[in-house]
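Chemist: Supplied structure: data30.tsv, TSV, C-alpha atoms.
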```tsv
chain	number	residue	atom	x	y	z
A	103	MET	CA	-22.38	3.97	21.67
A	104	THR	CA	-23.59	6.52	24.25
A	105	GLU	CA	-27.15	7.65	23.52
A	106	LYS	CA	-27.52	11.37	22.93
A	107	ILE	CA	-29.88	13.31	25.17
A	108	ARG	CA	-32.23	15.25	22.89
A	109	ALA	CA	-34.82	17.95	23.52
A	110	LYS	CA	-38.47	16.87	23.30
A	111	ARG	CA	-38.98	18.84	20.09
A	112	ASN	CA	-35.92	17.32	18.43
A	113	ARG	CA	-37.11	15.31	15.42
A	114	THR	CA	-33.74	13.82	14.44
A	115	LEU	CA	-34.20	10.21	13.32
A	116	THR	CA	-33.19	7.57	15.84
A	117	ILE	CA	-33.55	3.79	15.92
A	118	SER	CA	-33.89	1.49	18.90
A	119	GLU	CA	-31.98	-1.78	19.25
A	120	GLU	CA	-35.13	-3.64	18.23
A	121	GLU	CA	-35.50	-1.46	15.13
A	122	ARG	CA	-31.84	-1.88	14.29
A	123	PHE	CA	-32.24	-5.65	14.26
A	124	PHE	CA	-35.42	-5.37	12.17
A	125	PHE	CA	-33.98	-3.02	9.54
A	126	ALA	CA	-30.70	-4.93	9.36
A	127	GLN	CA	-32.69	-7.93	8.12
A	128	LYS	CA	-34.02	-5.84	5.24
A	129	LEU	CA	-30.57	-4.91	3.94
A	130	PHE	CA	-29.18	-6.67	0.89
A	131	LYS	CA	-25.77	-8.07	1.73
A	132	PRO	CA	-24.21	-9.72	-1.33
A	133	SER	CA	-21.97	-12.71	-0.95
A	134	PRO	CA	-18.26	-12.28	-1.77
A	135	ASN	CA	-17.63	-12.24	-5.54
A	136	GLN	CA	-21.39	-12.56	-6.20
A	137	ARG	CA	-22.32	-11.51	-9.74
A	138	LEU	CA	-25.30	-9.19	-9.35
A	139	HIS	CA	-28.29	-8.61	-11.60
A	140	GLN	CA	-30.55	-5.58	-11.51
A	141	THR	CA	-33.37	-7.62	-9.97
A	142	ASP	CA	-31.08	-8.41	-7.03
A	143	PHE	CA	-30.72	-4.83	-5.88
A	144	LEU	CA	-33.70	-2.95	-7.37
A	145	ASN	CA	-35.22	-0.76	-4.62
A	146	GLN	CA	-32.73	-2.15	-2.11
A	147	THR	CA	-30.16	-0.77	0.29
A	148	VAL	CA	-26.97	-2.69	-0.45
A	149	CYS	CA	-24.87	-2.94	2.71
A	150	ALA	CA	-21.39	-3.50	1.32
A	151	ASN	CA	-18.10	-1.81	0.57
A	152	LEU	CA	-18.38	-0.27	-2.91
A	153	PHE	CA	-14.88	-1.45	-3.80
A	154	GLU	CA	-15.81	-5.06	-3.04
A	155	VAL	CA	-18.91	-5.12	-5.28
A	156	ILE	CA	-18.03	-2.62	-8.01
A	157	ASP	CA	-16.73	-5.31	-10.37
A	158	TYR	CA	-19.85	-7.46	-9.96
A	159	LEU	CA	-22.59	-4.96	-10.83
A	160	PRO	CA	-24.20	-5.00	-14.30
A	161	LYS	CA	-23.44	-2.30	-16.88
A	162	GLN	CA	-25.77	0.50	-17.97
A	163	PHE	CA	-28.59	-0.01	-15.45
A	164	ALA	CA	-28.99	3.53	-14.03
A	165	ASP	CA	-30.85	6.48	-15.51
A	166	LEU	CA	-29.30	8.80	-12.95
A	167	ILE	CA	-26.23	8.43	-10.74
A	168	LEU	CA	-25.75	10.68	-7.72
A	169	ILE	CA	-22.27	10.54	-6.15
A	170	ASP	CA	-21.55	12.20	-2.82
A	171	PRO	CA	-18.11	10.77	-1.98
A	172	PRO	CA	-15.94	11.73	0.99
A	173	TYR	CA	-14.59	15.21	0.28
A	174	ASN	CA	-10.87	15.85	0.60
A	175	LEU	CA	-11.30	16.49	4.32
A	176	SER	CA	-10.52	14.50	7.44
A	177	LYS	CA	-13.88	13.19	8.59
A	178	ASN	CA	-15.14	10.42	10.87
A	179	PHE	CA	-18.03	8.46	9.37
A	180	ASN	CA	-19.22	6.44	12.35
A	181	GLY	CA	-15.81	4.82	12.84
A	182	PHE	CA	-14.56	4.97	9.26
A	183	LYS	CA	-11.99	7.77	9.20
A	184	PHE	CA	-11.32	9.42	5.86
A	185	LYS	CA	-8.11	11.48	5.83
A	186	SER	CA	-7.44	14.55	3.71
A	187	SER	CA	-4.52	14.36	1.30
A	188	ASP	CA	-2.79	16.42	-1.36
A	189	ASN	CA	-4.74	17.19	-4.53
A	190	GLU	CA	-2.99	14.59	-6.69
A	191	SER	CA	-3.61	11.80	-4.17
A	192	TYR	CA	-7.27	12.73	-3.92
A	193	LEU	CA	-7.56	12.75	-7.70
A	194	GLU	CA	-6.06	9.26	-7.82
A	195	TYR	CA	-8.61	8.17	-5.20
A	196	LEU	CA	-11.42	9.40	-7.47
A	197	ARG	CA	-9.88	7.72	-10.50
A	198	SER	CA	-9.71	4.39	-8.66
A	199	TRP	CA	-13.49	4.00	-8.87
A	200	PHE	CA	-15.12	6.79	-10.89
A	201	GLY	CA	-14.64	5.26	-14.35
A	202	LYS	CA	-16.19	1.99	-13.18
A	203	VAL	CA	-19.21	3.79	-11.73
A	204	VAL	CA	-19.75	5.61	-15.03
A	205	GLU	CA	-20.15	2.19	-16.70
A	206	PHE	CA	-23.36	1.71	-14.68
A	207	LEU	CA	-24.94	4.70	-16.45
A	208	LYS	CA	-27.31	4.18	-19.39
A	209	PRO	CA	-26.20	5.74	-22.72
A	210	ASN	CA	-28.69	8.60	-22.26
A	211	GLY	CA	-28.20	8.88	-18.50
A	212	SER	CA	-26.91	11.71	-16.31
A	213	LEU	CA	-24.46	11.87	-13.43
A	214	TYR	CA	-24.01	14.44	-10.66
A	215	LEU	CA	-20.83	14.56	-8.55
A	216	PHE	CA	-20.76	16.47	-5.25
A	217	GLY	CA	-17.88	18.32	-3.63
A	218	ASP	CA	-16.62	21.52	-2.04
A	219	TRP	CA	-14.17	24.22	-3.13
A	220	LYS	CA	-11.13	22.23	-2.01
A	221	CYS	CA	-11.79	19.22	-4.23
A	222	THR	CA	-13.81	20.77	-7.06
A	223	ALA	CA	-10.83	20.95	-9.45
A	224	ALA	CA	-10.27	17.20	-9.01
A	225	LEU	CA	-13.98	16.57	-9.57
A	226	GLN	CA	-13.95	18.50	-12.84
A	227	THR	CA	-10.84	16.65	-13.98
A	228	VAL	CA	-12.21	13.16	-13.38
A	229	MET	CA	-15.60	14.09	-14.85
A	230	GLU	CA	-14.03	15.36	-18.07
A	231	GLU	CA	-12.02	12.13	-18.40
A	232	HIS	CA	-15.23	10.09	-18.72
A	233	LEU	CA	-18.21	12.35	-19.46
A	234	THR	CA	-19.25	15.55	-21.18
A	235	VAL	CA	-19.57	18.18	-18.46
A	236	LEU	CA	-22.65	20.32	-19.02
A	237	ASN	CA	-22.60	22.51	-15.94
A	238	ARG	CA	-21.45	23.15	-12.40
A	239	ILE	CA	-24.19	23.86	-9.89
A	240	THR	CA	-23.20	25.86	-6.83
A	241	TRP	CA	-25.55	25.70	-3.89
A	242	GLN	CA	-25.50	27.83	-0.78
A	243	ARG	CA	-25.10	26.25	2.64
A	244	GLU	CA	-26.67	28.62	5.14
A	245	LYS	CA	-25.06	26.70	8.01
A	246	GLY	CA	-21.40	26.47	8.89
A	247	ARG	CA	-18.82	27.74	11.33
A	248	GLY	CA	-17.21	31.11	10.95
A	249	ALA	CA	-13.52	31.44	10.14
A	250	LYS	CA	-11.19	34.03	11.65
A	251	GLN	CA	-8.40	33.73	9.10
A	252	ASN	CA	-10.34	32.83	5.97
A	253	TRP	CA	-13.71	33.35	4.31
A	254	LYS	CA	-16.46	31.22	5.80
A	255	ASN	CA	-17.22	28.30	3.49
A	256	GLY	CA	-20.88	28.76	2.53
A	257	MET	CA	-21.01	27.00	-0.85
A	258	GLU	CA	-20.70	23.52	-2.34
A	259	ASP	CA	-20.55	22.33	-5.96
A	260	ILE	CA	-22.34	19.67	-7.97
A	261	TRP	CA	-20.84	18.75	-11.34
A	262	PHE	CA	-23.36	17.70	-14.01
A	263	GLY	CA	-22.22	15.35	-16.79
A	264	VAL	CA	-23.71	13.06	-19.43
A	265	LYS	CA	-22.50	10.31	-21.74
A	266	ASN	CA	-24.19	11.72	-24.83
A	267	PRO	CA	-24.68	15.53	-24.95
A	268	LYS	CA	-27.16	15.08	-27.82
A	269	ASP	CA	-29.37	12.54	-26.05
A	270	TYR	CA	-30.09	12.83	-22.35
A	271	TYR	CA	-33.19	13.34	-20.20
A	272	PHE	CA	-33.78	16.80	-18.75
A	273	ASP	CA	-37.19	18.06	-17.55
A	274	VAL	CA	-36.80	21.74	-16.77
A	275	GLU	CA	-40.55	22.23	-16.23
A	276	SER	CA	-40.44	20.01	-13.13
A	277	VAL	CA	-37.83	22.13	-11.35
A	278	LYS	CA	-39.14	25.65	-11.77
A	279	MET	CA	-38.98	27.88	-8.72
A	280	LYS	CA	-41.64	30.16	-7.29
A	281	ARG	CA	-39.97	33.44	-6.37
A	282	LYS	CA	-41.30	36.55	-4.68
A	283	VAL	CA	-41.77	39.53	-6.98
A	284	LEU	CA	-40.41	42.61	-5.22
A	285	ALA	CA	-41.16	45.11	-7.99
A	286	PRO	CA	-44.29	43.83	-9.77
A	287	TYR	CA	-44.74	45.15	-13.31
A	288	LYS	CA	-48.15	45.41	-14.93
A	289	GLU	CA	-49.13	45.68	-18.54
A	290	ASN	CA	-52.58	47.09	-19.36
A	291	GLY	CA	-53.34	46.88	-15.67
A	292	GLN	CA	-52.61	43.14	-15.48
A	293	PRO	CA	-49.65	41.34	-13.87
A	294	LYS	CA	-46.92	40.59	-16.42
A	295	ASP	CA	-45.30	37.16	-15.88
A	296	TRP	CA	-46.29	37.02	-12.22
A	297	GLU	CA	-49.24	36.00	-10.05
A	298	GLU	CA	-50.99	37.99	-7.34
A	299	THR	CA	-51.99	35.90	-4.29
A	300	GLU	CA	-53.06	36.44	-0.70
A	301	GLU	CA	-49.56	35.42	0.43
A	302	GLY	CA	-47.84	37.85	-1.92
A	303	ASN	CA	-46.76	38.27	-5.52
A	304	PHE	CA	-44.89	35.38	-7.13
A	305	ARG	CA	-43.31	34.41	-10.42
A	306	LEU	CA	-42.37	31.00	-11.76
A	307	THR	CA	-38.77	31.10	-12.95
A	308	TYR	CA	-36.43	28.72	-14.74
A	309	PRO	CA	-33.68	27.31	-12.50
A	310	SER	CA	-30.14	28.62	-12.75
A	311	ASN	CA	-26.91	26.89	-11.70
A	312	PHE	CA	-26.83	28.86	-8.42
A	313	TRP	CA	-29.22	27.60	-5.75
A	314	ASP	CA	-29.84	29.76	-2.70
A	315	ASP	CA	-33.07	28.12	-1.54
A	316	ILE	CA	-31.69	25.02	0.20
A	317	SER	CA	-32.08	24.45	3.95
A	318	ILE	CA	-29.57	22.10	5.55
A	319	PRO	CA	-31.35	19.46	7.69
A	320	TYR	CA	-31.42	20.42	11.34
A	321	TRP	CA	-32.88	19.10	14.58
A	322	SER	CA	-36.51	20.17	14.05
A	323	MET	CA	-36.78	18.62	10.56
A	324	PRO	CA	-38.00	15.01	10.35
A	325	GLU	CA	-35.50	14.23	7.57
A	326	ASN	CA	-32.58	15.04	9.87
A	327	THR	CA	-30.13	12.31	10.93
A	328	ASP	CA	-26.80	12.30	12.73
A	329	HIS	CA	-24.90	11.64	9.50
A	330	PRO	CA	-22.09	14.25	9.34
A	331	THR	CA	-22.53	15.13	5.64
A	332	GLN	CA	-26.24	14.53	5.02
A	333	LYS	CA	-27.66	16.25	1.93
A	334	PRO	CA	-31.10	17.91	2.02
A	335	GLU	CA	-34.03	16.12	0.40
A	336	LYS	CA	-34.93	19.30	-1.50
A	337	LEU	CA	-31.47	19.42	-3.08
A	338	ILE	CA	-31.70	15.80	-4.26
A	339	ALA	CA	-35.30	16.24	-5.41
A	340	LYS	CA	-34.24	18.87	-7.94
A	341	LEU	CA	-31.66	16.55	-9.48
A	342	ILE	CA	-34.01	13.57	-9.63
A	343	LEU	CA	-36.95	15.46	-11.11
A	344	ALA	CA	-34.77	17.12	-13.72
A	345	SER	CA	-32.66	14.13	-14.75
A	346	CYS	CA	-34.55	10.89	-14.08
A	347	PRO	CA	-37.83	9.96	-15.77
A	348	LYS	CA	-40.75	8.46	-13.86
A	349	ASN	CA	-40.04	4.81	-13.04
A	350	GLY	CA	-36.37	5.35	-13.92
A	351	LEU	CA	-33.60	4.15	-11.61
A	352	VAL	CA	-31.50	6.36	-9.33
A	353	PHE	CA	-28.19	4.89	-8.16
A	354	ASP	CA	-26.10	6.23	-5.27
A	355	PRO	CA	-22.82	4.40	-4.56
A	356	PHE	CA	-22.17	6.37	-1.34
A	357	LEU	CA	-25.67	6.29	0.12
A	358	GLY	CA	-24.98	7.47	3.66
A	359	SER	CA	-28.24	7.87	5.58
A	360	GLY	CA	-30.33	7.25	2.48
A	361	THR	CA	-31.45	10.62	1.12
A	362	SER	CA	-31.11	9.68	-2.57
A	363	SER	CA	-33.15	6.49	-2.16
A	364	VAL	CA	-35.77	8.16	0.03
A	365	VAL	CA	-36.34	11.04	-2.39
A	366	ALA	CA	-36.41	8.69	-5.38
A	367	LYS	CA	-39.12	6.66	-3.66
A	368	LYS	CA	-41.15	9.75	-2.79
A	369	LEU	CA	-40.97	10.92	-6.41
A	370	GLY	CA	-41.97	7.64	-8.03
A	371	ARG	CA	-38.53	6.49	-9.15
A	372	ASN	CA	-36.73	3.23	-8.52
A	373	TYR	CA	-33.54	3.32	-6.48
A	374	CYS	CA	-30.45	1.49	-5.38
A	375	GLY	CA	-27.89	2.68	-2.86
A	376	ILE	CA	-24.66	1.19	-1.57
A	377	GLU	CA	-23.57	1.92	2.00
A	378	MET	CA	-20.88	0.02	3.88
A	379	ASN	CA	-21.83	1.21	7.38
A	380	GLU	CA	-24.70	-0.91	8.72
A	381	GLU	CA	-25.88	1.80	11.11
A	382	TYR	CA	-26.27	4.31	8.29
A	383	ALA	CA	-27.90	1.67	6.09
A	384	CYS	CA	-30.47	0.96	8.82
A	385	TRP	CA	-31.24	4.67	9.06
A	386	ALA	CA	-31.87	4.61	5.32
A	387	GLU	CA	-34.26	1.69	5.68
A	388	LYS	CA	-36.21	3.41	8.44
A	389	ARG	CA	-36.49	6.57	6.33
A	390	LEU	CA	-37.68	4.48	3.38
A	391	GLU	CA	-40.38	2.93	5.54
A	392	LYS	CA	-41.51	6.35	6.75
A	393	ALA	CA	-41.66	7.54	3.13
A	394	ILE	CA	-44.51	5.10	2.47
A	395	LYS	CA	-46.86	7.31	4.50
A	396	ASP	CA	-45.11	10.68	4.23
A	397	GLN	CA	-44.09	11.66	0.72
A	398	SER	CA	-43.64	15.36	1.46
A	399	ILE	CA	-40.39	17.14	0.63
A	400	GLN	CA	-39.57	20.37	2.42
A	401	GLY	CA	-39.79	23.31	0.00
A	402	LEU	CA	-41.61	21.38	-2.77
A	403	SER	CA	-45.37	21.83	-3.13
A	404	ASN	CA	-47.70	21.09	-6.04
A	405	GLY	CA	-44.80	20.49	-8.38
A	406	VAL	CA	-43.10	23.81	-7.62
A	407	PHE	CA	-39.99	24.63	-5.59
A	408	TRP	CA	-40.35	27.60	-3.27
A	409	GLU	CA	-37.69	29.97	-2.04
A	410	ARG	CA	-36.44	29.34	1.46
A	411	ASN	CA	-38.92	30.43	4.14
A	412	THR	CA	-41.59	31.63	1.68
A	413	LEU	CA	-43.91	28.61	1.76
A	414	SER	CA	-46.14	28.86	4.82
A	415	PHE	CA	-45.65	25.28	6.10
A	416	GLN	CA	-41.89	25.78	6.11
A	417	LYS	CA	-42.27	28.22	8.99
A	418	LYS	CA	-43.98	25.69	11.26
```
Do you think you could lay out the structure here as structure tokens?
Modeler:
Amino acid sequence: MTEKIRAKRNRTLTISEEERFFFAQKLFKPSPNQRLHQTDFLNQTVCANLFEVIDYLPKQFADLILIDPPYNLSKNFNGFKFKSSDNESYLEYLRSWFGKVVEFLKPNGSLYLFGDWKCTAALQTVMEEHLTVLNRITWQREKGRGAKQNWKNGMEDIWFGVKNPKDYYFDVESVKMKRKVLAPYKENGQPKDWEETEEGNFRLTYPSNFWDDISIPYWSMPENTDHPTQKPEKLIAKLILASCPKNGLVFDPFLGSGTSSVVAKKLGRNYCGIEMNEEYACWAEKRLEKAIKDQSIQGLSNGVFWERNTLSFQKK
């Protein structure tokens, strides 16, 4: 593969041939038809095709499952080409594996399924066939190409479902957002539900199902990789903090460049991710190694999520 020429300030993750060999040795590559136990893959990057190992994983091991499958778009994932299809064919693709993945979820666990406007109806359908859907989160992508004959696509969806709507983990206090107060109201001369600071006036608010504070990874961010559909660490951090207890296990069957595992590690959770592309899996391993020393997550500070571009270190 031809090496990209990058600017000196570009912080996109890269690995040398020596690093690639080193991180490839750290990957867990199960043998064909190997029956797996949780101890085999706990805090591991499993380099395998999901469809070849899905019948050999144990049941009910995950507190939280994050699924970011190929959307119904034609996309090249480092040589693996996923082709768009009609809605019914895409739904059948989801059905071919989704029910089996749900079996990995603990009785009180939660599952989030990612997609865009084109496939969101199929996502809702397959979720409702196996889980109780509690919400649909819509998050704003501030990046994207313009469209001359359509509205620019600036949103994506995340469907939130559970096995038992009367018993599931959800920690709303850990995902509050610090927002700027534009019209501060005082009562008896004192701020009402807001805080006055040197950097401005702020209020802690409960999260809604519309998120407009997410920055897509780009070249100057150390979390950035060349993966074509990489999700931001801040986005994943919200889901993990809200829906996985400390020392719980986060499972991602389409790991990509490793964001789910990396964020789980930074937040004190166990993890397991499956990725069939060895290059992507090696990127995940390098990011996991870096997370040992750097546990920061862009936009998260002292247990509080900040609006985009309001926390001072975000501007650096």
Chemist: Which one of A:Asp170, A:Gly248, A:Ser322, A:Gly201 sits closest to Ala109 in chain A if you count only C-alpha atoms?
Modeler: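 Counting only C-alpha atoms, the residue closest to Ala109 in chain A is A:Ser322.
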Chemist: My list of candidates is A:Ala383, A:Leu357, A:Ile394, A:Leu168. Which is closest to Gly370 in chain A when distances are computed with all atoms listed in the file?
Modeler: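 Using all atoms listed in the file, the shortest distance to Gly370 in chain A belongs to A:Ile394.
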Chemist: Which residue, A:Asp295, A:Pro324, A:Ser186, A:Leu369, has the smallest gap to Arg111 in chain A when you use all atoms listed in the file?
Modeler: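 Going through A:Asp295, A:Pro324, A:Ser186, A:Leu369 one by one, the smallest distance to Arg111 in chain A is for A:Pro324.
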Chemist: In Å, with one decimal, what is the gap from CA of Gln140 in chain A to CA of Val155 in chain A?
Modeler: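 Going from CA of Gln140 in chain A over to CA of Val155 in chain A covers 13.2 Å.
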Chemist: List the spatial neighbours of Asn349 in chain A as number ranges by chain - criterion: any atom at most 8 Å away, all atoms listed in the file, same-chain residues fewer than 2 positions off excluded.
Modeler: A: 347, 351, 370-372
Chemist: Taking all atoms of range 378-391 of chain A that appear in the file, build a box with edges along x, y and z, extend it by 6 Å on every side, and state its centre and edge lengths in Å to one decimal, as lines of an AutoDock Vina configuration file.
Modeler:
```
center_x = -30.6
center_y = 2.8
center_z = 7.2
size_x = 31.5
size_y = 19.5
size_z = 19.7
```
Chemist: Given the choices A:Gln397, A:Asn174, A:Ser359, A:Gln136, which gets closest to Ala223 in chain A if the distance is worked out from all atoms listed in the file?
Modeler: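 Comparing A:Gln397, A:Asn174, A:Ser359, A:Gln136 against Ala223 in chain A, the winner is A:Asn174.
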Chemist: Tell me which protein, DNA and RNA residues are within 8 Å of range 337-340 of chain A, counting all atoms listed in the file, leaving out same-chain ones fewer than 4 positions away, and put them as number ranges by chain.
Modeler: A: 277, 316, 333, 344, 361-362, 365-366, 369, 399
Chemist: Quick check, in Å to one decimal: how far apart do CA of Phe125 in chain A and CA of Trp385 in chain A lie?
Modeler: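 Spanning CA of Phe125 in chain A to CA of Trp385 in chain A is a straight-line distance of 8.2 Å.
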Chemist: Using only C-alpha atoms, find the one residue out of A:Ser398, A:Thr331, A:Thr147, A:Asn112 that sits nearest to Gly217 in chain A.
Modeler: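 Smallest distance to Gly217 in chain A is found for A:Thr331.
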